[in-house]
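Read through the structure below, which is laid out as C-alpha cells, and then see the notes.
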Amino acid sequence: MTEPARSRAVFSTEDFSLLKTAVADYMQKVKDTPESVKFANLYHRLGRLR
C-alpha cells in the first residue's frame, strides 16, 4: 500500500497579512451591519496566525 501524499500549505505567511489587510478594509464598509461581527472575528483569527 502506498503512503498518502504529504499535504502542502494552501496559504503563505504573506497571504495571511494580505487577507488581514483586505478584511480590515471590508470591516469599515460593513461596520453597521450584523455581519460585521463575523468579519471582526475573522480579522482577529488571522492576526493569531503567523
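Labels for the C-alpha cells follow display order: chains A, B, ..., residues from 1 in each chain, ligands from 1.
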Give the alpha helix (DSSP H) residues of chain A, as DSSP finds them on the backbone, and put them as a PyMOL selection string. chain A and resi 13-29+36-48
Show me, as a PyMOL selection string, the residues that have an atom within 12 Å of Asp25 in chain A when counting only C-alpha atoms, minus same-chain residues fewer than 5 positions from it. chain A and resi 18-20+30-31+36+39-40+43
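For the atom pair formed by CA of Ser17 in chain A and CA of Lys38 in chain A, the distance is 18.1 Å, given to one decimal.
Candidate residues A:Lys29, A:Ala22, A:Phe16, A:Pro4 were compared for distance to Leu46 in chain A, and the nearest is A:Phe16, using only C-alpha atoms.
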Using only C-alpha atoms: which of A:Arg48, A:Asn41, A:Glu3, A:Arg8 has the shortest distance to Val23 in chain A: A:Asn41
